[in-house]
Amino acid sequence: MKQCVIIPARFRSTRFPAKPLAPILGKPMILWVAELSAKAVGKDHVYVATEDQLIADLVTQNGFNALMTSPDAMTGTDRLAEAAEMIDYDIYINVQGDEPLLEPSDIMRIAERKAAQPDAIVNGFCYLGADEDPHSPNIPKVVANEDGTMLYMSRAAVPAFKDPKNAPENYMKQVCIYGFTREDLRAYAKFGRKSAVEHSEDIEILRFLELGRKIVLVETKPGSLAVDVPADIPPVEAALRARRGTEG
């Protein structure tokens, strides 16, 4: 099946303006993500969907494709839905532009699962590291049933517990790689607004639950760190340096 990666990249981020251009070890973050995506699907099949000409110019100057989308997209997935109408693929992999530590092999695993289960939405997850706080609102936590179908996602520490002896051994967190078809994205955009729980949690995938869609989870390698605010950059740079040292 023909597949591509689309990276939504909004310049006017509320919490971190110009985040896609933030330097990570001297390189704009969006290029880190585009380069690792190219290792999964090939450079010709990596697109950056943005409302900003500076971002578009940067990615095209570095050999990637830019898709100019409207400035008022409600979420990254809405921006992806708009971009998917411009290019023809069977599978659209959404890779968030703020996760420069993602593994290309995990992008391929999401694509393979989507090809095997085209009627389901596919999303990545991994378990929280020892230094990650499940109570942090910057980390969406995932609740799934025992066959790997997502039940809910929250910025709260879920699943909750009444008795400490019933506390989960570990928490699952969302890894922002998603697998969609164009029809999935059209249905998402057609909803026309954020659902009530999506608005409250500020987690865009929750709209698919409102649409009654099955969301299946694929475990990815641990160690992914998202850049939500400027303070997240030093830990990401440290992890990249450590990875370089291991590869060297």
# chains A, B, ... in the order shown; residues from 1 in each chain; ligands from 1
$ select_by_dssp --residues "stretch 3-236 of chain A" --states "helix (DSSP H, G or I)" --output "VMD selection string"
chain A and resid 19 to 21 29 to 41 43 to 45 53 to 61 76 to 84 104 to 116 164 to 166 182 to 190 196 to 201 206 to 210 230 to 236
$ residues_around --residues "A:Lys43" --least-positions-apart "4" --cutoff "10 Å" --atoms "only C-alpha atoms" --output "ChimeraX atom specification"
/A:4-5,34-39,47,63-65
$ select_by_dssp --residues "stretch 23-210 of chain A" --states "strand (DSSP E or B)" --output "PyMOL selection string"
chain A and resi 23-24+27-28+46-50+65-68+91-95+121-127+141-144+149-154+172-180
$ closest_residue --among "A:Lys114, A:Lys165, A:Lys141, A:His45" --to "A:Tyr89" --atoms "only C-alpha atoms"
A:His45
$ atom_distance --atom1 "atom CA of A:Val142" --atom2 "atom CA of A:Arg182"
24.7 Å
$ residues_around --residues "stretch 148-162 of chain A" --least-positions-apart "2" --cutoff "6 Å" --atoms "only C-alpha atoms" --output "list in words"
Pro134, His135, Pro137, Pro140, Lys141, Val142, Val143, Ala144, Asn145, Glu146, Ala167, Ile215, Val216 and Leu217 of chain A
$ closest_residue --among "A:Pro230, A:Pro71, A:Gly124, A:Pro28" --to "A:Gln174" --atoms "only C-alpha atoms"
A:Gly124
$ atom_distance --atom1 "atom CA of A:Asp44" --atom2 "atom CA of A:Glu183"
22.8 Å
$ atom_distance --atom1 "atom CA of A:His199" --atom2 "atom CA of A:Glu219"
26.0 Å
$ residues_around --residues "A:Met108" --least-positions-apart "3" --cutoff "12 Å" --atoms "only C-alpha atoms" --output "PDB file with all heavy atoms, in the first residue's frame"
ATOM      1  N   GLN A   3       2.184   4.684   1.015  1.00  0.00           N
ATOM      2  CA  GLN A   3       2.127   5.376   2.300  1.00  0.00           C
ATOM      3  C   GLN A   3       3.073   6.570   2.337  1.00  0.00           C
ATOM      4  O   GLN A   3       4.080   6.600   1.644  1.00  0.00           O
ATOM      5  CB  GLN A   3       2.471   4.407   3.434  1.00  0.00           C
ATOM      6  CG  GLN A   3       3.823   3.748   3.273  1.00  0.00           C
ATOM      7  CD  GLN A   3       3.925   2.428   4.016  1.00  0.00           C
ATOM      8  OE1 GLN A   3       2.933   1.801   4.344  1.00  0.00           O
ATOM      9  NE2 GLN A   3       5.138   2.001   4.284  1.00  0.00           N
ATOM     10  N   CYS A   4       2.693   7.531   3.170  1.00  0.00           N
ATOM     11  CA  CYS A   4       3.521   8.724   3.341  1.00  0.00           C
ATOM     12  C   CYS A   4       3.487   9.144   4.794  1.00  0.00           C
ATOM     13  O   CYS A   4       2.670   8.663   5.592  1.00  0.00           O
ATOM     14  CB  CYS A   4       3.010   9.873   2.464  1.00  0.00           C
ATOM     15  SG  CYS A   4       1.411  10.551   2.988  1.00  0.00           S
ATOM     16  N   VAL A   5       4.383  10.038   5.145  1.00  0.00           N
ATOM     17  CA  VAL A   5       4.374  10.703   6.448  1.00  0.00           C
ATOM     18  C   VAL A   5       4.008  12.160   6.227  1.00  0.00           C
ATOM     19  O   VAL A   5       4.563  12.818   5.338  1.00  0.00           O
ATOM     20  CB  VAL A   5       5.750  10.611   7.142  1.00  0.00           C
ATOM     21  CG1 VAL A   5       5.833  11.590   8.319  1.00  0.00           C
ATOM     22  CG2 VAL A   5       6.015   9.190   7.626  1.00  0.00           C
ATOM     23  N   LEU A  36      14.194  11.694  10.290  1.00  0.00           N
ATOM     24  CA  LEU A  36      13.931  10.347  10.793  1.00  0.00           C
ATOM     25  C   LEU A  36      12.729   9.734  10.062  1.00  0.00           C
ATOM     26  O   LEU A  36      12.676   8.514   9.848  1.00  0.00           O
ATOM     27  CB  LEU A  36      13.748  10.353  12.311  1.00  0.00           C
ATOM     28  CG  LEU A  36      12.554  11.063  12.936  1.00  0.00           C
ATOM     29  CD1 LEU A  36      11.325  10.163  13.019  1.00  0.00           C
ATOM     30  CD2 LEU A  36      12.913  11.540  14.359  1.00  0.00           C
ATOM     31  N   SER A  37      11.778  10.568   9.650  1.00  0.00           N
ATOM     32  CA  SER A  37      10.638  10.062   8.879  1.00  0.00           C
ATOM     33  C   SER A  37      11.095   9.558   7.514  1.00  0.00           C
ATOM     34  O   SER A  37      10.573   8.549   7.005  1.00  0.00           O
ATOM     35  CB  SER A  37       9.591  11.162   8.706  1.00  0.00           C
ATOM     36  OG  SER A  37       9.061  11.576   9.955  1.00  0.00           O
ATOM     37  N   ALA A  38      12.061  10.250   6.914  1.00  0.00           N
ATOM     38  CA  ALA A  38      12.584   9.826   5.614  1.00  0.00           C
ATOM     39  C   ALA A  38      13.237   8.453   5.688  1.00  0.00           C
ATOM     40  O   ALA A  38      13.209   7.688   4.718  1.00  0.00           O
ATOM     41  CB  ALA A  38      13.576  10.857   5.090  1.00  0.00           C
ATOM     42  N   LYS A  39      13.814   8.115   6.828  1.00  0.00           N
ATOM     43  CA  LYS A  39      14.411   6.787   6.987  1.00  0.00           C
ATOM     44  C   LYS A  39      13.345   5.698   6.957  1.00  0.00           C
ATOM     45  O   LYS A  39      13.647   4.541   6.652  1.00  0.00           O
ATOM     46  CB  LYS A  39      15.193   6.720   8.302  1.00  0.00           C
ATOM     47  CG  LYS A  39      16.441   7.586   8.313  1.00  0.00           C
ATOM     48  CD  LYS A  39      17.157   7.513   9.658  1.00  0.00           C
ATOM     49  CE  LYS A  39      18.395   8.391   9.676  1.00  0.00           C
ATOM     50  NZ  LYS A  39      19.075   8.366  11.003  1.00  0.00           N
ATOM     51  N   ALA A  40      12.108   6.067   7.270  1.00  0.00           N
ATOM     52  CA  ALA A  40      11.019   5.091   7.275  1.00  0.00           C
ATOM     53  C   ALA A  40      10.347   4.954   5.924  1.00  0.00           C
ATOM     54  O   ALA A  40      10.094   3.837   5.456  1.00  0.00           O
ATOM     55  CB  ALA A  40       9.985   5.484   8.334  1.00  0.00           C
ATOM     56  N   VAL A  41      10.040   6.078   5.268  1.00  0.00           N
ATOM     57  CA  VAL A  41       9.226   6.016   4.037  1.00  0.00           C
ATOM     58  C   VAL A  41       9.920   6.587   2.812  1.00  0.00           C
ATOM     59  O   VAL A  41       9.368   6.542   1.715  1.00  0.00           O
ATOM     60  CB  VAL A  41       7.870   6.741   4.247  1.00  0.00           C
ATOM     61  CG1 VAL A  41       7.062   6.076   5.348  1.00  0.00           C
ATOM     62  CG2 VAL A  41       8.057   8.232   4.523  1.00  0.00           C
ATOM     63  N   GLY A  42      11.118   7.128   2.975  1.00  0.00           N
ATOM     64  CA  GLY A  42      11.822   7.746   1.861  1.00  0.00           C
ATOM     65  C   GLY A  42      11.537   9.237   1.804  1.00  0.00           C
ATOM     66  O   GLY A  42      10.426   9.689   2.074  1.00  0.00           O
ATOM     67  N   ILE A  91      -2.228   5.211   2.839  1.00  0.00           N
ATOM     68  CA  ILE A  91      -2.034   5.358   4.288  1.00  0.00           C
ATOM     69  C   ILE A  91      -1.278   6.653   4.547  1.00  0.00           C
ATOM     70  O   ILE A  91      -0.241   6.924   3.924  1.00  0.00           O
ATOM     71  CB  ILE A  91      -1.255   4.168   4.872  1.00  0.00           C
ATOM     72  CG1 ILE A  91      -2.076   2.877   4.726  1.00  0.00           C
ATOM     73  CG2 ILE A  91      -0.912   4.404   6.344  1.00  0.00           C
ATOM     74  CD1 ILE A  91      -1.325   1.625   5.157  1.00  0.00           C
ATOM     75  N   TYR A  92      -1.818   7.434   5.475  1.00  0.00           N
ATOM     76  CA  TYR A  92      -1.191   8.694   5.891  1.00  0.00           C
ATOM     77  C   TYR A  92      -0.716   8.524   7.335  1.00  0.00           C
ATOM     78  O   TYR A  92      -1.535   8.322   8.237  1.00  0.00           O
ATOM     79  CB  TYR A  92      -2.191   9.848   5.794  1.00  0.00           C
ATOM     80  CG  TYR A  92      -2.713  10.071   4.397  1.00  0.00           C
ATOM     81  CD1 TYR A  92      -3.787   9.331   3.912  1.00  0.00           C
ATOM     82  CD2 TYR A  92      -2.125  11.010   3.548  1.00  0.00           C
ATOM     83  CE1 TYR A  92      -4.263   9.522   2.624  1.00  0.00           C
ATOM     84  CE2 TYR A  92      -2.602  11.203   2.253  1.00  0.00           C
ATOM     85  CZ  TYR A  92      -3.666  10.455   1.799  1.00  0.00           C
ATOM     86  OH  TYR A  92      -4.140  10.647   0.521  1.00  0.00           O
ATOM     87  N   ILE A  93       0.587   8.588   7.531  1.00  0.00           N
ATOM     88  CA  ILE A  93       1.153   8.469   8.875  1.00  0.00           C
ATOM     89  C   ILE A  93       1.402   9.871   9.407  1.00  0.00           C
ATOM     90  O   ILE A  93       2.145  10.657   8.810  1.00  0.00           O
ATOM     91  CB  ILE A  93       2.468   7.668   8.870  1.00  0.00           C
ATOM     92  CG1 ILE A  93       2.251   6.292   8.228  1.00  0.00           C
ATOM     93  CG2 ILE A  93       2.992   7.508  10.301  1.00  0.00           C
ATOM     94  CD1 ILE A  93       1.234   5.428   8.908  1.00  0.00           C
ATOM     95  N   ASN A  94       0.755  10.181  10.502  1.00  0.00           N
ATOM     96  CA  ASN A  94       0.950  11.467  11.177  1.00  0.00           C
ATOM     97  C   ASN A  94       2.092  11.299  12.172  1.00  0.00           C
ATOM     98  O   ASN A  94       2.002  10.493  13.105  1.00  0.00           O
ATOM     99  CB  ASN A  94      -0.351  11.849  11.894  1.00  0.00           C
ATOM    100  CG  ASN A  94      -0.276  13.180  12.623  1.00  0.00           C
ATOM    101  OD1 ASN A  94       0.793  13.724  12.850  1.00  0.00           O
ATOM    102  ND2 ASN A  94      -1.421  13.698  13.021  1.00  0.00           N
ATOM    103  N   VAL A  95       3.158  12.025  11.951  1.00  0.00           N
ATOM    104  CA  VAL A  95       4.282  12.058  12.895  1.00  0.00           C
ATOM    105  C   VAL A  95       4.353  13.467  13.461  1.00  0.00           C
ATOM    106  O   VAL A  95       4.487  14.438  12.700  1.00  0.00           O
ATOM    107  CB  VAL A  95       5.605  11.673  12.210  1.00  0.00           C
ATOM    108  CG1 VAL A  95       6.776  11.828  13.182  1.00  0.00           C
ATOM    109  CG2 VAL A  95       5.541  10.241  11.682  1.00  0.00           C
ATOM    110  N   LEU A 102      11.920   9.920  17.985  1.00  0.00           N
ATOM    111  CA  LEU A 102      11.180   8.769  17.485  1.00  0.00           C
ATOM    112  C   LEU A 102      12.084   7.849  16.669  1.00  0.00           C
ATOM    113  O   LEU A 102      13.047   8.294  16.041  1.00  0.00           O
ATOM    114  CB  LEU A 102      10.010   9.230  16.611  1.00  0.00           C
ATOM    115  CG  LEU A 102       8.867   9.956  17.312  1.00  0.00           C
ATOM    116  CD1 LEU A 102       7.842  10.416  16.278  1.00  0.00           C
ATOM    117  CD2 LEU A 102       8.205   9.080  18.360  1.00  0.00           C
ATOM    118  N   GLU A 103      11.734   6.567  16.657  1.00  0.00           N
ATOM    119  CA  GLU A 103      12.485   5.581  15.881  1.00  0.00           C
ATOM    120  C   GLU A 103      11.807   5.353  14.532  1.00  0.00           C
ATOM    121  O   GLU A 103      10.599   5.092  14.482  1.00  0.00           O
ATOM    122  CB  GLU A 103      12.546   4.254  16.642  1.00  0.00           C
ATOM    123  CG  GLU A 103      13.406   4.284  17.898  1.00  0.00           C
ATOM    124  CD  GLU A 103      14.883   4.247  17.589  1.00  0.00           C
ATOM    125  OE1 GLU A 103      15.247   3.964  16.420  1.00  0.00           O
ATOM    126  OE2 GLU A 103      15.681   4.481  18.502  1.00  0.00           O
ATOM    127  N   PRO A 104      12.545   5.433  13.434  1.00  0.00           N
ATOM    128  CA  PRO A 104      11.942   5.158  12.120  1.00  0.00           C
ATOM    129  C   PRO A 104      11.263   3.794  12.045  1.00  0.00           C
ATOM    130  O   PRO A 104      10.232   3.647  11.383  1.00  0.00           O
ATOM    131  CB  PRO A 104      13.138   5.245  11.170  1.00  0.00           C
ATOM    132  CG  PRO A 104      14.089   6.183  11.854  1.00  0.00           C
ATOM    133  CD  PRO A 104      13.941   5.885  13.320  1.00  0.00           C
ATOM    134  N   SER A 105      11.816   2.804  12.742  1.00  0.00           N
ATOM    135  CA  SER A 105      11.206   1.467  12.715  1.00  0.00           C
ATOM    136  C   SER A 105       9.815   1.476  13.324  1.00  0.00           C
ATOM    137  O   SER A 105       8.937   0.695  12.917  1.00  0.00           O
ATOM    138  CB  SER A 105      12.094   0.460  13.447  1.00  0.00           C
ATOM    139  OG  SER A 105      12.290   0.843  14.803  1.00  0.00           O
ATOM    140  N   ALA A 111       2.582   1.921  10.292  1.00  0.00           N
ATOM    141  CA  ALA A 111       2.082   1.791   8.918  1.00  0.00           C
ATOM    142  C   ALA A 111       1.663   0.351   8.623  1.00  0.00           C
ATOM    143  O   ALA A 111       0.616   0.112   7.990  1.00  0.00           O
ATOM    144  CB  ALA A 111       3.155   2.244   7.931  1.00  0.00           C
ATOM    145  N   GLU A 112       2.443  -0.603   9.080  1.00  0.00           N
ATOM    146  CA  GLU A 112       2.118  -2.013   8.836  1.00  0.00           C
ATOM    147  C   GLU A 112       0.833  -2.418   9.550  1.00  0.00           C
ATOM    148  O   GLU A 112       0.012  -3.160   8.989  1.00  0.00           O
ATOM    149  CB  GLU A 112       3.290  -2.892   9.286  1.00  0.00           C
ATOM    150  CG  GLU A 112       4.509  -2.780   8.376  1.00  0.00           C
ATOM    151  CD  GLU A 112       5.778  -3.306   9.003  1.00  0.00           C
ATOM    152  OE1 GLU A 112       5.706  -3.827  10.160  1.00  0.00           O
ATOM    153  OE2 GLU A 112       6.846  -3.206   8.369  1.00  0.00           O
ATOM    154  N   ARG A 113       0.647  -1.942  10.779  1.00  0.00           N
ATOM    155  CA  ARG A 113      -0.585  -2.273  11.500  1.00  0.00           C
ATOM    156  C   ARG A 113      -1.793  -1.639  10.816  1.00  0.00           C
ATOM    157  O   ARG A 113      -2.857  -2.252  10.729  1.00  0.00           O
ATOM    158  CB  ARG A 113      -0.490  -1.817  12.948  1.00  0.00           C
ATOM    159  CG  ARG A 113      -1.770  -2.049  13.752  1.00  0.00           C
ATOM    160  CD  ARG A 113      -2.144  -3.522  13.886  1.00  0.00           C
ATOM    161  NE  ARG A 113      -1.196  -4.228  14.713  1.00  0.00           N
ATOM    162  CZ  ARG A 113      -1.285  -4.298  16.058  1.00  0.00           C
ATOM    163  NH1 ARG A 113      -2.286  -3.713  16.692  1.00  0.00           N
ATOM    164  NH2 ARG A 113      -0.384  -4.952  16.743  1.00  0.00           N
ATOM    165  N   LYS A 114      -1.642  -0.397  10.345  1.00  0.00           N
ATOM    166  CA  LYS A 114      -2.751   0.252   9.646  1.00  0.00           C
ATOM    167  C   LYS A 114      -3.105  -0.517   8.377  1.00  0.00           C
ATOM    168  O   LYS A 114      -4.290  -0.676   8.056  1.00  0.00           O
ATOM    169  CB  LYS A 114      -2.394   1.705   9.319  1.00  0.00           C
ATOM    170  CG  LYS A 114      -3.506   2.477   8.613  1.00  0.00           C
ATOM    171  CD  LYS A 114      -4.767   2.564   9.462  1.00  0.00           C
ATOM    172  CE  LYS A 114      -5.854   3.371   8.776  1.00  0.00           C
ATOM    173  NZ  LYS A 114      -7.111   3.384   9.531  1.00  0.00           N
ATOM    174  N   ALA A 115      -2.108  -1.002   7.656  1.00  0.00           N
ATOM    175  CA  ALA A 115      -2.377  -1.795   6.453  1.00  0.00           C
ATOM    176  C   ALA A 115      -3.112  -3.078   6.801  1.00  0.00           C
ATOM    177  O   ALA A 115      -3.988  -3.530   6.048  1.00  0.00           O
ATOM    178  CB  ALA A 115      -1.072  -2.103   5.720  1.00  0.00           C
ATOM    179  N   VAL A 122      -4.817   3.813  14.267  1.00  0.00           N
ATOM    180  CA  VAL A 122      -3.639   3.228  14.915  1.00  0.00           C
ATOM    181  C   VAL A 122      -2.832   4.325  15.583  1.00  0.00           C
ATOM    182  O   VAL A 122      -2.596   5.390  14.990  1.00  0.00           O
ATOM    183  CB  VAL A 122      -2.771   2.460  13.897  1.00  0.00           C
ATOM    184  CG1 VAL A 122      -1.585   1.796  14.602  1.00  0.00           C
ATOM    185  CG2 VAL A 122      -3.599   1.413  13.160  1.00  0.00           C
ATOM    186  N   GLY A 124       0.598   4.975  18.532  1.00  0.00           N
ATOM    187  CA  GLY A 124       1.694   4.390  19.275  1.00  0.00           C
ATOM    188  C   GLY A 124       1.597   4.663  20.762  1.00  0.00           C
ATOM    189  O   GLY A 124       0.951   5.621  21.205  1.00  0.00           O
ATOM    190  N   ILE A 177       2.629   8.941  16.942  1.00  0.00           N
ATOM    191  CA  ILE A 177       2.636   8.420  15.580  1.00  0.00           C
ATOM    192  C   ILE A 177       1.253   7.814  15.372  1.00  0.00           C
ATOM    193  O   ILE A 177       0.793   7.020  16.196  1.00  0.00           O
ATOM    194  CB  ILE A 177       3.700   7.334  15.361  1.00  0.00           C
ATOM    195  CG1 ILE A 177       5.067   7.752  15.914  1.00  0.00           C
ATOM    196  CG2 ILE A 177       3.813   6.978  13.885  1.00  0.00           C
ATOM    197  CD1 ILE A 177       6.084   6.619  15.921  1.00  0.00           C
ATOM    198  N   TYR A 178       0.573   8.220  14.294  1.00  0.00           N
ATOM    199  CA  TYR A 178      -0.779   7.746  14.039  1.00  0.00           C
ATOM    200  C   TYR A 178      -0.873   7.207  12.612  1.00  0.00           C
ATOM    201  O   TYR A 178      -0.201   7.712  11.709  1.00  0.00           O
ATOM    202  CB  TYR A 178      -1.809   8.876  14.143  1.00  0.00           C
ATOM    203  CG  TYR A 178      -1.717   9.775  15.350  1.00  0.00           C
ATOM    204  CD1 TYR A 178      -0.833  10.844  15.378  1.00  0.00           C
ATOM    205  CD2 TYR A 178      -2.563   9.590  16.438  1.00  0.00           C
ATOM    206  CE1 TYR A 178      -0.773  11.700  16.468  1.00  0.00           C
ATOM    207  CE2 TYR A 178      -2.526  10.444  17.535  1.00  0.00           C
ATOM    208  CZ  TYR A 178      -1.622  11.507  17.538  1.00  0.00           C
ATOM    209  OH  TYR A 178      -1.565  12.352  18.624  1.00  0.00           O
ATOM    210  N   GLY A 179      -1.751   6.238  12.406  1.00  0.00           N
ATOM    211  CA  GLY A 179      -2.030   5.730  11.071  1.00  0.00           C
ATOM    212  C   GLY A 179      -3.468   5.999  10.674  1.00  0.00           C
ATOM    213  O   GLY A 179      -4.398   5.621  11.400  1.00  0.00           O
ATOM    214  N   VAL A 218      -0.099   0.343  19.290  1.00  0.00           N
ATOM    215  CA  VAL A 218       1.111  -0.389  18.917  1.00  0.00           C
ATOM    216  C   VAL A 218       2.231   0.079  19.828  1.00  0.00           C
ATOM    217  O   VAL A 218       2.515   1.287  19.899  1.00  0.00           O
ATOM    218  CB  VAL A 218       1.479  -0.141  17.441  1.00  0.00           C
ATOM    219  CG1 VAL A 218       2.828  -0.778  17.109  1.00  0.00           C
ATOM    220  CG2 VAL A 218       0.390  -0.673  16.518  1.00  0.00           C
ATOM    221  N   THR A 220       5.768   1.009  21.019  1.00  0.00           N
ATOM    222  CA  THR A 220       6.988   1.493  20.382  1.00  0.00           C
ATOM    223  C   THR A 220       8.161   1.357  21.354  1.00  0.00           C
ATOM    224  O   THR A 220       7.977   1.046  22.530  1.00  0.00           O
ATOM    225  CB  THR A 220       6.839   2.962  19.962  1.00  0.00           C
ATOM    226  OG1 THR A 220       6.737   3.766  21.140  1.00  0.00           O
ATOM    227  CG2 THR A 220       5.608   3.164  19.097  1.00  0.00           C
TER     228      THR A 220
END
$ residues_around --residues "A:Leu67" --least-positions-apart "6" --cutoff "7 Å" --atoms "only C-alpha atoms" --output "ChimeraX atom specification"
/A:47-50,83
